[in-house]
>>> print(open('target.txt').read())   # compact mmCIF, C-alpha atoms
# COMPACT_ATOMS: atom_id res chain seq x y z
CA MET A 408 125.51 119.59 89.06
CA ASN A 409 124.37 117.08 91.64
CA ASN A 410 126.87 114.23 92.01
CA ARG A 411 124.04 111.81 92.72
CA TRP A 412 123.24 111.88 89.02
CA THR A 413 126.18 109.58 88.37
CA GLU A 414 124.56 106.86 90.52
CA GLN A 415 121.58 106.61 88.16
CA LYS A 416 121.27 108.89 85.17
CA PRO A 417 118.07 110.95 85.06
CA VAL A 418 115.84 110.16 82.07
CA VAL A 419 115.04 113.17 79.87
CA LEU A 420 112.21 112.71 77.37
CA VAL A 421 112.29 115.05 74.35
CA VAL A 422 108.97 115.46 72.50
CA ASP A 423 108.89 117.22 69.13
CA ASP A 424 107.09 116.35 65.89
CA GLU A 425 110.05 117.74 63.90
CA ARG A 426 112.37 114.73 64.01
CA ASP A 427 115.54 116.65 63.16
CA HIS A 428 114.79 119.16 65.92
CA ALA A 429 114.07 116.43 68.47
CA ASP A 430 117.19 114.44 67.55
CA GLY A 431 119.26 117.62 67.69
CA MET A 432 118.11 118.32 71.25
CA VAL A 433 118.94 114.75 72.30
CA GLU A 434 122.41 115.17 70.79
CA ALA A 435 122.89 118.50 72.58
CA LEU A 436 121.86 116.96 75.90
CA GLY A 437 124.46 114.23 75.37
CA LYS A 438 126.98 116.49 77.10
CA LEU A 439 125.02 116.19 80.34
CA PRO A 440 125.04 113.07 82.56
CA VAL A 441 121.49 112.18 81.50
CA GLU A 442 119.80 109.52 79.41
CA ALA A 443 117.97 111.48 76.72
CA LEU A 444 115.47 109.91 74.33
CA ALA A 445 113.21 111.38 71.67
CA VAL A 446 109.64 110.67 70.60
CA TYR A 447 107.85 112.45 67.79
CA THR A 448 104.19 112.49 68.85
CA GLY A 449 102.30 113.47 71.97
CA GLU A 450 100.59 110.08 71.98
CA HIS A 451 103.95 108.29 72.13
CA ALA A 452 105.04 110.61 74.93
CA LEU A 453 102.01 109.60 77.01
CA GLU A 454 102.86 105.93 76.50
CA VAL A 455 106.42 106.48 77.74
CA LEU A 456 105.25 108.45 80.77
CA ARG A 457 102.81 105.67 81.70
CA SER A 458 105.33 102.87 81.29
CA GLN A 459 108.55 104.16 82.88
CA ARG A 460 109.91 106.81 85.19
CA VAL A 461 110.88 110.05 83.48
CA HIS A 462 112.68 112.76 85.43
CA VAL A 463 112.41 115.65 82.95
CA VAL A 464 110.28 116.23 79.84
CA VAL A 465 111.23 118.75 77.17
CA THR A 466 108.24 119.13 74.88
CA ASP A 467 107.10 121.42 72.11
CA LEU A 468 103.85 123.15 72.98
CA LYS A 469 102.40 122.61 69.49
CA LEU A 470 102.42 118.98 68.33
CA GLU A 471 100.85 117.19 65.39
CA GLY A 472 97.92 114.97 66.32
CA GLN A 473 95.43 115.09 69.18
CA VAL A 474 97.87 115.41 72.09
CA ASP A 475 99.67 118.74 72.54
CA GLY A 476 102.39 119.85 74.95
CA LEU A 477 99.95 120.88 77.66
CA GLU A 478 98.43 117.39 77.67
CA VAL A 479 101.93 115.91 77.95
CA LEU A 480 102.50 118.27 80.89
CA ARG A 481 99.29 117.14 82.59
CA GLU A 482 100.16 113.46 82.14
CA ALA A 483 103.64 114.04 83.57
CA LYS A 484 102.14 115.66 86.66
CA ARG A 485 99.54 112.89 87.00
CA SER A 486 102.31 110.29 87.13
CA GLY A 487 103.14 111.30 90.71
CA ASN A 488 106.87 110.82 90.05
CA GLY A 489 107.80 114.48 90.45
CA THR A 490 108.55 114.79 86.72
CA GLU A 491 109.65 118.29 85.72
CA VAL A 492 108.45 119.69 82.37
CA ILE A 493 110.07 122.31 80.13
CA LEU A 494 107.89 123.60 77.31
CA ILE A 495 109.16 124.92 73.99
CA THR A 496 107.10 127.42 72.04
CA ALA A 497 107.47 129.61 69.00
CA TYR A 498 104.65 131.78 70.32
CA ALA A 499 105.69 133.10 73.71
CA THR A 500 102.35 134.71 74.48
CA ILE A 501 101.62 135.68 78.04
CA ASP A 502 98.52 133.47 78.13
CA ASN A 503 100.00 130.15 77.05
CA CYS A 504 103.13 130.64 79.18
CA LYS A 505 101.05 131.51 82.23
CA GLU A 506 98.84 128.48 81.64
CA ALA A 507 101.87 126.21 81.38
CA LEU A 508 103.39 127.54 84.60
CA ARG A 509 100.01 127.35 86.35
CA GLN A 510 99.80 123.67 85.49
CA GLY A 511 103.22 123.00 86.97
CA ALA A 512 105.72 123.54 84.15
CA PHE A 513 109.29 124.06 85.36
CA ASP A 514 109.96 126.72 82.71
CA TYR A 515 109.64 127.43 79.00
CA LEU A 516 111.97 128.18 76.08
CA VAL A 517 111.25 130.23 72.98
CA LYS A 518 112.26 129.14 69.48
CA PRO A 519 114.82 129.39 67.97
CA LEU A 520 116.48 127.48 70.81
CA ASP A 521 119.62 128.57 72.57
CA ILE A 522 121.37 125.21 73.16
CA ASP A 523 123.27 126.47 76.19
CA GLN A 524 120.04 127.73 77.71
CA LEU A 525 118.41 124.34 77.02
CA ARG A 526 121.23 122.53 78.82
CA THR A 527 121.09 124.97 81.73
CA LEU A 528 117.33 124.51 82.17
CA VAL A 529 117.50 120.71 81.91
CA GLU A 530 120.35 120.70 84.43
CA ALA A 531 118.32 122.87 86.82
CA ALA A 532 115.21 120.69 86.36
CA CYS A 533 117.22 117.53 87.08
CA SER A 534 118.68 119.16 90.19
CA ARG A 535 115.24 120.15 91.47
CA HIS A 536 113.95 116.63 90.85
CA ALA A 537 116.93 115.25 92.78
CA ARG A 538 116.27 117.65 95.66
CA THR A 539 112.61 116.62 95.73
CA ASP A 540 113.63 112.96 95.89
CA GLN A 541 116.06 113.73 98.70
CA GLU A 542 113.42 115.64 100.65
CA GLN A 543 111.02 112.70 100.31
CA GLU A 544 113.53 110.00 101.24
CA SER A 545 112.29 110.15 104.82
CA LEU A 546 108.70 109.71 103.65
CA VAL A 547 108.43 106.09 102.57
CA PHE A 548 105.07 105.32 100.96
CA GLU A 549 106.05 101.98 99.45
CA GLY A 550 103.24 100.56 97.34
CA ILE A 551 100.86 103.42 98.17
CA LYS A 552 100.11 105.61 95.19
CA GLY A 553 97.50 108.25 94.62
CA VAL A 554 96.92 111.67 93.12
CA SER A 555 93.29 111.95 94.22
CA PRO A 556 92.46 114.61 96.82
CA VAL A 557 91.47 111.97 99.39
CA MET A 558 94.84 110.18 99.11
CA GLN A 559 96.79 113.42 99.18
CA GLY A 560 94.93 114.26 102.37
CA ILE A 561 95.86 110.88 103.86
CA PHE A 562 99.53 111.39 102.93
CA GLU A 563 99.50 114.75 104.68
CA VAL A 564 98.03 113.19 107.83
CA ILE A 565 100.74 110.51 107.75
CA ARG A 566 103.43 113.18 107.53
CA ARG A 567 102.02 114.80 110.65
CA ILE A 568 101.34 111.74 112.80
CA ALA A 569 104.12 109.33 111.79
CA PRO A 570 106.81 110.84 114.06
CA THR A 571 104.48 110.72 117.06
CA GLY A 572 103.46 107.70 119.12
CA ILE A 573 99.73 108.29 118.76
CA SER A 574 97.54 105.23 118.10
CA VAL A 575 95.90 105.01 114.68
CA LEU A 576 92.70 103.34 113.49
CA ILE A 577 92.51 102.62 109.74
CA GLU A 578 89.08 101.87 108.33
CA GLY A 579 88.13 100.80 104.83
CA PRO A 580 86.90 97.91 102.68
CA SER A 581 89.01 94.78 102.22
CA GLY A 582 91.78 95.12 99.68
CA THR A 583 92.22 98.89 99.97
CA GLY A 584 95.76 98.68 101.38
CA LYS A 585 95.28 99.13 105.12
CA GLU A 586 98.40 97.15 106.04
CA LEU A 587 100.46 99.09 103.48
CA LEU A 588 99.26 102.29 105.12
CA ALA A 589 100.18 100.96 108.57
CA ARG A 590 103.66 100.07 107.30
CA ALA A 591 104.02 103.55 105.82
CA ILE A 592 103.24 105.10 109.21
CA HIS A 593 105.82 102.81 110.88
CA ASN A 594 108.46 103.41 108.18
CA ASN A 595 108.14 107.16 108.61
CA SER A 596 108.17 107.06 112.42
CA LEU A 597 110.96 107.27 114.98
CA ARG A 598 110.38 103.53 115.51
CA ARG A 599 111.33 102.61 111.92
CA ASP A 600 114.44 100.68 113.05
CA LYS A 601 112.40 98.55 115.45
CA PRO A 602 110.02 95.68 114.59
CA PHE A 603 106.73 96.07 112.73
CA LYS A 604 104.57 93.07 113.66
CA PRO A 605 101.18 92.43 112.03
CA VAL A 606 98.57 90.01 113.36
CA ASN A 607 95.18 89.13 111.87
CA CYS A 608 92.70 89.15 114.73
CA ALA A 609 90.11 87.33 112.60
CA GLY A 610 92.37 84.47 111.64
CA LEU A 611 93.01 82.98 115.11
CA THR A 612 90.93 81.40 117.87
CA GLU A 613 90.66 83.34 121.12
CA THR A 614 93.23 81.10 122.86
CA LEU A 615 95.72 81.32 120.02
CA LEU A 616 95.23 85.09 119.67
CA GLU A 617 95.89 85.62 123.39
CA SER A 618 99.05 83.53 123.14
CA GLU A 619 100.10 85.32 119.95
CA LEU A 620 99.75 88.75 121.54
CA PHE A 621 100.89 88.14 125.10
CA GLY A 622 102.98 84.98 124.88
CA HIS A 623 102.79 81.89 127.13
CA VAL A 624 104.89 79.79 129.45
CA LYS A 625 105.57 76.10 129.10
CA GLY A 626 102.56 73.99 130.13
CA ALA A 627 100.09 76.89 130.00
CA PHE A 628 97.84 74.84 127.72
CA THR A 629 97.96 71.68 125.65
CA GLY A 630 100.74 72.00 123.10
CA ALA A 631 102.63 74.73 124.97
CA ASN A 632 105.89 72.79 125.09
CA THR A 633 108.17 75.82 125.57
CA ASP A 634 108.01 79.39 126.77
CA ARG A 635 107.13 81.81 124.00
CA LYS A 636 107.22 85.61 123.81
CA GLY A 637 104.14 87.37 122.49
CA LEU A 638 104.06 90.01 119.79
CA PHE A 639 103.78 92.82 122.35
CA GLU A 640 107.19 91.85 123.73
CA ILE A 641 108.69 91.15 120.31
CA ALA A 642 107.48 94.53 119.02
CA ASP A 643 108.79 96.43 122.05
CA LYS A 644 109.85 99.96 120.98
CA GLY A 645 108.26 99.19 117.60
CA THR A 646 104.78 98.94 116.09
CA LEU A 647 102.05 96.30 116.44
CA PHE A 648 99.46 96.18 113.66
CA LEU A 649 96.13 94.66 114.75
CA ASP A 650 94.36 93.83 111.50
CA GLU A 651 90.60 93.15 111.51
CA ILE A 652 90.31 94.23 115.13
CA GLY A 653 86.52 94.36 114.74
CA ASP A 654 86.51 90.55 114.71
CA MET A 655 88.30 90.25 118.06
CA PRO A 656 86.22 88.39 120.75
CA LEU A 657 84.88 90.57 123.59
CA THR A 658 86.91 88.80 126.27
CA MET A 659 90.10 89.46 124.30
CA GLN A 660 89.06 93.07 123.83
CA ALA A 661 89.02 93.49 127.63
CA LYS A 662 92.50 91.98 127.96
CA LEU A 663 93.84 94.13 125.12
CA LEU A 664 92.39 97.28 126.68
CA ARG A 665 94.14 96.55 129.96
CA VAL A 666 97.49 96.15 128.21
CA LEU A 667 97.01 99.36 126.24
CA GLU A 668 96.16 101.29 129.39
CA ASP A 669 98.90 99.86 131.63
CA GLY A 670 101.64 99.09 129.11
CA VAL A 671 102.15 95.75 130.88
CA VAL A 672 101.74 92.23 129.46
CA THR A 673 101.48 88.95 131.34
CA PRO A 674 102.07 85.73 129.36
CA VAL A 675 99.37 83.06 129.50
CA GLY A 676 100.02 80.81 132.51
CA SER A 677 102.45 83.23 134.15
CA ASN A 678 102.30 85.75 136.99
CA LYS A 679 105.33 87.67 135.76
CA ALA A 680 104.45 90.99 134.13
CA THR A 681 106.62 92.75 131.53
CA VAL A 682 106.53 96.46 130.71
CA VAL A 683 106.36 97.17 126.97
CA ASP A 684 106.47 100.26 124.79
CA VAL A 685 104.49 99.53 121.65
CA ARG A 686 102.69 101.77 119.21
CA VAL A 687 99.42 100.15 118.15
CA ILE A 688 97.89 100.65 114.72
CA SER A 689 94.52 98.94 114.21
CA ALA A 690 92.49 98.27 111.09
CA THR A 691 89.01 97.04 110.28
CA ASN A 692 86.60 96.69 107.40
CA HIS A 693 83.67 96.92 109.83
CA ASN A 694 81.81 99.98 111.03
CA LEU A 695 82.94 99.89 114.67
CA THR A 696 80.30 102.35 115.85
CA LYS A 697 77.61 99.94 114.65
CA LEU A 698 79.38 97.06 116.40
CA ILE A 699 79.36 99.14 119.58
CA GLU A 700 75.59 99.63 119.23
CA ARG A 701 75.23 95.85 118.93
CA ASN A 702 77.42 95.35 122.00
CA THR A 703 79.98 93.32 120.05
CA PHE A 704 82.77 95.89 120.37
CA ARG A 705 83.80 97.78 123.50
CA GLN A 706 83.34 101.52 123.36
CA ASP A 707 86.25 102.16 125.75
CA LEU A 708 88.59 100.13 123.52
CA TYR A 709 87.32 102.02 120.49
CA PHE A 710 88.29 105.37 121.99
CA ARG A 711 91.63 103.92 123.08
CA ILE A 712 92.67 102.74 119.60
CA ARG A 713 91.14 105.69 117.75
CA GLY A 714 93.78 108.31 118.42
CA VAL A 715 93.74 109.31 114.76
CA ASN A 716 91.24 107.83 112.33
CA LEU A 717 92.17 107.25 108.68
CA VAL A 718 89.52 106.09 106.21
CA LEU A 719 90.68 104.43 102.98
CA PRO A 720 88.05 104.71 100.25
CA ALA A 721 87.13 101.95 97.86
CA LEU A 722 89.07 102.09 94.60
CA ARG A 723 85.89 102.88 92.66
CA ASP A 724 85.64 106.10 94.67
CA ARG A 725 89.06 107.33 93.53
CA PRO A 726 89.23 106.29 89.87
CA GLU A 727 91.77 109.00 89.04
CA ASP A 728 94.32 106.91 90.99
CA ILE A 729 93.84 103.82 88.81
CA PRO A 730 96.29 104.85 86.01
CA ILE A 731 99.14 105.55 88.44
CA LEU A 732 98.43 102.38 90.45
CA ALA A 733 98.25 100.32 87.27
CA ALA A 734 101.58 101.75 86.07
CA HIS A 735 103.16 100.98 89.45
CA PHE A 736 101.91 97.39 89.50
CA LEU A 737 102.93 96.93 85.87
CA ARG A 738 106.51 98.01 86.66
CA GLU A 739 106.58 95.62 89.62
CA ALA A 740 105.24 92.72 87.54
CA VAL A 741 107.62 93.36 84.65
CA GLU A 742 110.57 93.46 87.04
CA ASP A 743 109.48 90.26 88.79
CA THR A 744 108.68 88.26 85.64
CA GLY A 745 111.16 89.63 83.12
CA SER A 746 108.28 90.44 80.76
CA LYS A 747 108.80 92.75 77.75
CA VAL A 748 105.48 94.55 78.30
CA THR A 749 106.01 98.32 78.25
CA GLY A 750 102.59 99.74 79.01
CA ILE A 751 98.80 99.72 78.68
CA THR A 752 96.90 101.08 75.70
CA GLU A 753 94.54 104.01 76.07
CA ALA A 754 91.51 101.84 75.23
CA ALA A 755 92.42 99.22 77.85
CA MET A 756 93.16 101.88 80.46
CA SER A 757 89.77 103.50 79.84
CA ILE A 758 88.08 100.19 80.67
CA LEU A 759 90.24 99.66 83.77
CA VAL A 760 89.27 103.12 85.01
CA ALA A 761 85.56 102.57 84.37
CA TYR A 762 85.49 99.18 86.16
CA GLU A 763 84.05 99.07 89.70
CA TRP A 764 86.88 96.96 91.27
CA PRO A 765 84.97 95.11 94.02
CA GLY A 766 88.28 93.64 95.22
CA ASN A 767 89.87 97.09 95.29
CA ILE A 768 93.66 97.53 95.01
CA ARG A 769 94.36 93.86 95.69
CA GLN A 770 92.23 92.89 92.68
CA LEU A 771 93.87 95.53 90.46
CA LYS A 772 97.36 94.34 91.40
CA ASN A 773 96.51 90.70 90.68
CA ALA A 774 94.81 91.60 87.39
CA ILE A 775 97.80 93.61 86.17
CA ARG A 776 100.21 90.84 87.11
CA THR A 777 98.10 88.22 85.31
CA MET A 778 97.89 90.37 82.18
CA VAL A 779 101.65 91.00 82.19
CA VAL A 780 102.31 87.26 82.40
CA MET A 781 99.80 86.33 79.69
CA CYS A 782 100.34 89.25 77.28
CA ASP A 783 102.31 88.38 74.14
CA ARG A 784 102.56 91.95 72.86
CA LEU A 785 104.44 95.06 73.97
CA GLN A 786 101.34 96.75 75.35
CA ILE A 787 98.41 95.34 77.28
CA ASP A 788 95.32 95.87 75.14
CA VAL A 789 91.58 95.26 75.45
CA PRO A 790 91.76 91.56 74.43
CA ASP A 791 94.19 90.96 77.31
CA LEU A 792 91.71 92.10 79.97
CA PRO A 793 90.33 89.41 82.30
CA PRO A 794 86.72 88.46 81.46
CA GLU A 795 85.32 89.88 84.71
CA ILE A 796 86.80 93.31 83.91
CA SER A 797 85.90 93.67 80.25
CA PRO A 798 82.40 95.14 79.79
CA ARG A 799 81.77 92.90 76.77
CA ARG A 800 79.32 90.71 78.74
CA GLN A 801 77.12 93.75 79.27
CA LEU A 802 76.93 94.54 75.57
CA PRO A 803 74.54 92.96 73.09
CA GLY A 804 75.86 90.30 70.74
CA THR A 805 78.88 89.45 72.90
CA THR A 806 80.26 86.20 74.20
CA ALA A 807 81.77 85.35 77.57
CA SER A 808 84.94 83.90 76.07
CA PRO A 809 87.96 85.39 77.83
CA ALA A 810 90.11 84.92 74.76
CA SER A 811 88.05 86.91 72.27
CA LEU A 812 85.80 89.92 71.79
CA ALA A 813 83.36 88.28 69.42
CA GLY A 814 80.67 90.72 68.33
CA VAL A 815 82.17 93.72 70.10
CA SER A 816 84.42 96.31 68.50
CA LEU A 817 87.05 98.24 70.41
CA ASN A 818 85.06 101.38 69.62
CA GLU A 819 82.02 99.97 71.46
CA LEU A 820 84.13 99.17 74.50
CA GLU A 821 85.76 102.60 74.48
CA LYS A 822 82.41 104.31 74.01
CA LYS A 823 80.95 102.49 77.01
CA ALA A 824 83.98 103.33 79.18
CA ILE A 825 83.70 107.03 78.30
CA ALA A 826 79.92 107.07 78.80
CA ASP A 827 80.23 105.36 82.21
CA THR A 828 82.93 107.79 83.34
CA LEU A 829 80.92 110.82 82.22
CA ALA A 830 77.94 109.45 84.14
CA ARG A 831 80.06 108.96 87.28
CA THR A 832 81.41 112.53 87.03
CA GLN A 833 77.91 113.91 86.34
CA GLY A 834 79.05 115.19 82.95
CA ASN A 835 82.19 116.95 84.23
CA ARG A 836 84.41 116.59 81.17
CA GLU A 837 87.57 117.92 82.79
CA LYS A 838 87.31 115.40 85.62
CA ALA A 839 86.32 112.58 83.25
CA ALA A 840 89.39 113.25 81.10
CA LYS A 841 91.64 113.09 84.15
CA ILE A 842 90.06 109.85 85.33
CA LEU A 843 90.35 108.26 81.89
CA GLY A 844 93.97 109.36 81.58
CA ILE A 845 93.41 111.24 78.30
CA GLY A 846 93.56 114.88 77.32
CA GLU A 847 90.48 117.05 77.30
CA ARG A 848 90.79 117.65 73.55
CA THR A 849 90.89 113.90 72.96
CA LEU A 850 87.82 113.42 75.15
CA TYR A 851 85.88 116.16 73.33
CA ARG A 852 86.76 114.57 69.99
CA LYS A 853 85.59 111.13 71.17
CA ILE A 854 82.36 112.57 72.60
CA ARG A 855 81.58 114.03 69.17
CA GLU A 856 82.71 110.85 67.43
CA TYR A 857 80.46 108.63 69.58
CA ASN A 858 77.63 111.19 69.76
CA LEU A 859 77.62 111.08 73.59
>>> encode(input="target.txt", output="structure tokens")
Amino acid sequence: MNNRWTEQKPVVLVVDDERDHADGMVEALGKLPVEALAVYTGEHALEVLRSQRVHVVVTDLKLEGQVDGLEVLREAKRSGNGTEVILITAYATIDNCKEALRQGAFDYLVKPLDIDQLRTLVEAACSRHARTDQEQESLVFEGIKGVSPVMQGIFEVIRRIAPTGISVLIEGPSGTGKELLARAIHNNSLRRDKPFKPVNCAGLTETLLESELFGHVKGAFTGANTDRKGLFEIADKGTLFLDEIGDMPLTMQAKLLRVLEDGVVTPVGSNKATVVDVRVISATNHNLTKLIERNTFRQDLYFRIRGVNLVLPALRDRPEDIPILAAHFLREAVEDTGSKVTGITEAAMSILVAYEWPGNIRQLKNAIRTMVVMCDRLQIDVPDLPPEISPRRQLPGTTASPASLAGVSLNELEKKAIADTLARTQGNREKAAKILGIGERTLYRKIREYNL
């Protein structure tokens, strides 16, 4: 057994609607260095998976209620935490076992259970989870979460380019996490032990930006009372992140291009040049090709900074990532504030997923933090949603009061969230269920219930 388990016990979630059976498995797993806990419904299992990190799930395939073992498996895999799942079945048919393994199950057990075999499988699942964690230790994607195909593609590009020194251009709307992505590239590069220095090219005048990047000597301009190194020198052997490079003045673009081509910086007011070795990552929320057509951005600089181009989509274009991002931000907020909030209800999550998020990830993070601070219950629910997120203003007979849902039932809100998601997926129920964070059986039941 991996000795690392003793540093932090893996969490094993046991799911079985037969309480005695579930409690018996927890007791049997007590001989392993794990923290085992039992829940007795699939719905409760989903809540736990969305609110905390679980290393291994042991779940019965057949469960009372609307959520079965396969839906628990799918939720565990959606979490993005590498959770391993062991299914228990009294009906070891080829079809259901194949389906479970196809969807990523670690293994399955057949009733009546062999306790030694259960312990052996849980031990093996914990070991594989630990190995996966160890393999990913060198890939630091702090704050960047996503299970959508577009984000998985971006992660794969980062894995390939991070160890190199190639320049990177990150494009995408404001609030999509461009600086986080730049930090991830730096943290996974050979320069990770050297400085990462960000600068907002839109937030400084041309004179101050030149001084910020290249430094200045005493007396170079009014207020230059001492010599000062620029970020190119400070970030030597490290990474310089040029945020909002599309807003950089043309004269500064020419000076930047010269530094990138020669690897030499000259402080303002000095004739002494310094050789630097800096990897440059740039970001913009503008379409640089259109700026080039308008002659407000240099084409030669564009090709210089665009070694590899990464495009971050708006959050509304990857709604399947909202549940995992919301869970991540909730854990952060709970840790920071000491709140007792444990999760987000299914109805509230459906509305979060259906919302357009004009402020993207930044808006989602702030919304989750606000709700965690203001929520006086264990789970964030529909009444806790900020007024701009709740669809109640779009429904007849509603009020704009942020503290109430006068005239609107939770069913109406849930119905609208499901209808909007189905419309966005062009009626694809499998995709809609994934986006909403619910099982397909649950979605089918709600479609019939709401006559959608």
>>> residues_around(input="target.txt", residues="stretch 421-431 of chain A", least_positions_apart="2", cutoff="9 Å", atoms="only C-alpha atoms", output="list in words")
Val419, Val433, Glu434, Ala435, Leu436, Ala443, Leu444, Ala445, Val446, Tyr447, Thr448, Gly449, His451, Ala452, Val463, Val464, Val465, Thr466, Asp467, Leu468, Lys469, Leu470, Glu471, Gly476 and Val479 of chain A
>>> closest_residue(input="target.txt", among="A:Glu578, A:Asp743, A:Glu563, A:Glu763", to="A:Leu695", atoms="all atoms listed in the file")
A:Glu578
>>> residues_near_point(input="target.txt", point="(101.0, 121.0, 78.8)", cutoff="9 Å", atoms="all atoms listed in the file", output="VMD selection string")
chain A and resid 466 468 475 to 483 492 494 506 to 507 510 to 512
>>> residues_near_point(input="target.txt", point="(98.1, 101.6, 81.1)", cutoff="8 Å", atoms="only C-alpha atoms", output="VMD selection string")
chain A and resid 454 457 to 458 730 733 to 734 750 to 753 755 to 756 787
>>> write_last_selection(input="target.txt", atoms="C-alpha atoms", output="PDB file, in the coordinates of the input")
ATOM      1  CA  GLU A 454     102.860 105.930  76.500  1.00  0.00           C
ATOM      2  CA  ARG A 457     102.810 105.670  81.700  1.00  0.00           C
ATOM      3  CA  SER A 458     105.330 102.870  81.290  1.00  0.00           C
ATOM      4  CA  PRO A 730      96.290 104.850  86.010  1.00  0.00           C
ATOM      5  CA  ALA A 733      98.250 100.320  87.270  1.00  0.00           C
ATOM      6  CA  ALA A 734     101.580 101.750  86.070  1.00  0.00           C
ATOM      7  CA  GLY A 750     102.590  99.740  79.010  1.00  0.00           C
ATOM      8  CA  ILE A 751      98.800  99.720  78.680  1.00  0.00           C
ATOM      9  CA  THR A 752      96.900 101.080  75.700  1.00  0.00           C
ATOM     10  CA  GLU A 753      94.540 104.010  76.070  1.00  0.00           C
ATOM     11  CA  ALA A 755      92.420  99.220  77.850  1.00  0.00           C
ATOM     12  CA  MET A 756      93.160 101.880  80.460  1.00  0.00           C
ATOM     13  CA  ILE A 787      98.410  95.340  77.280  1.00  0.00           C
TER      14      ILE A 787
END
>>> closest_residue(input="target.txt", among="A:Ala721, A:Val564, A:Ile699, A:Leu528", to="A:Pro580", atoms="all atoms listed in the file")
A:Ala721
>>> atom_distance(input="target.txt", atom1="atom CA of A:Glu442", atom2="atom CA of A:Cys782")
28.2 Å
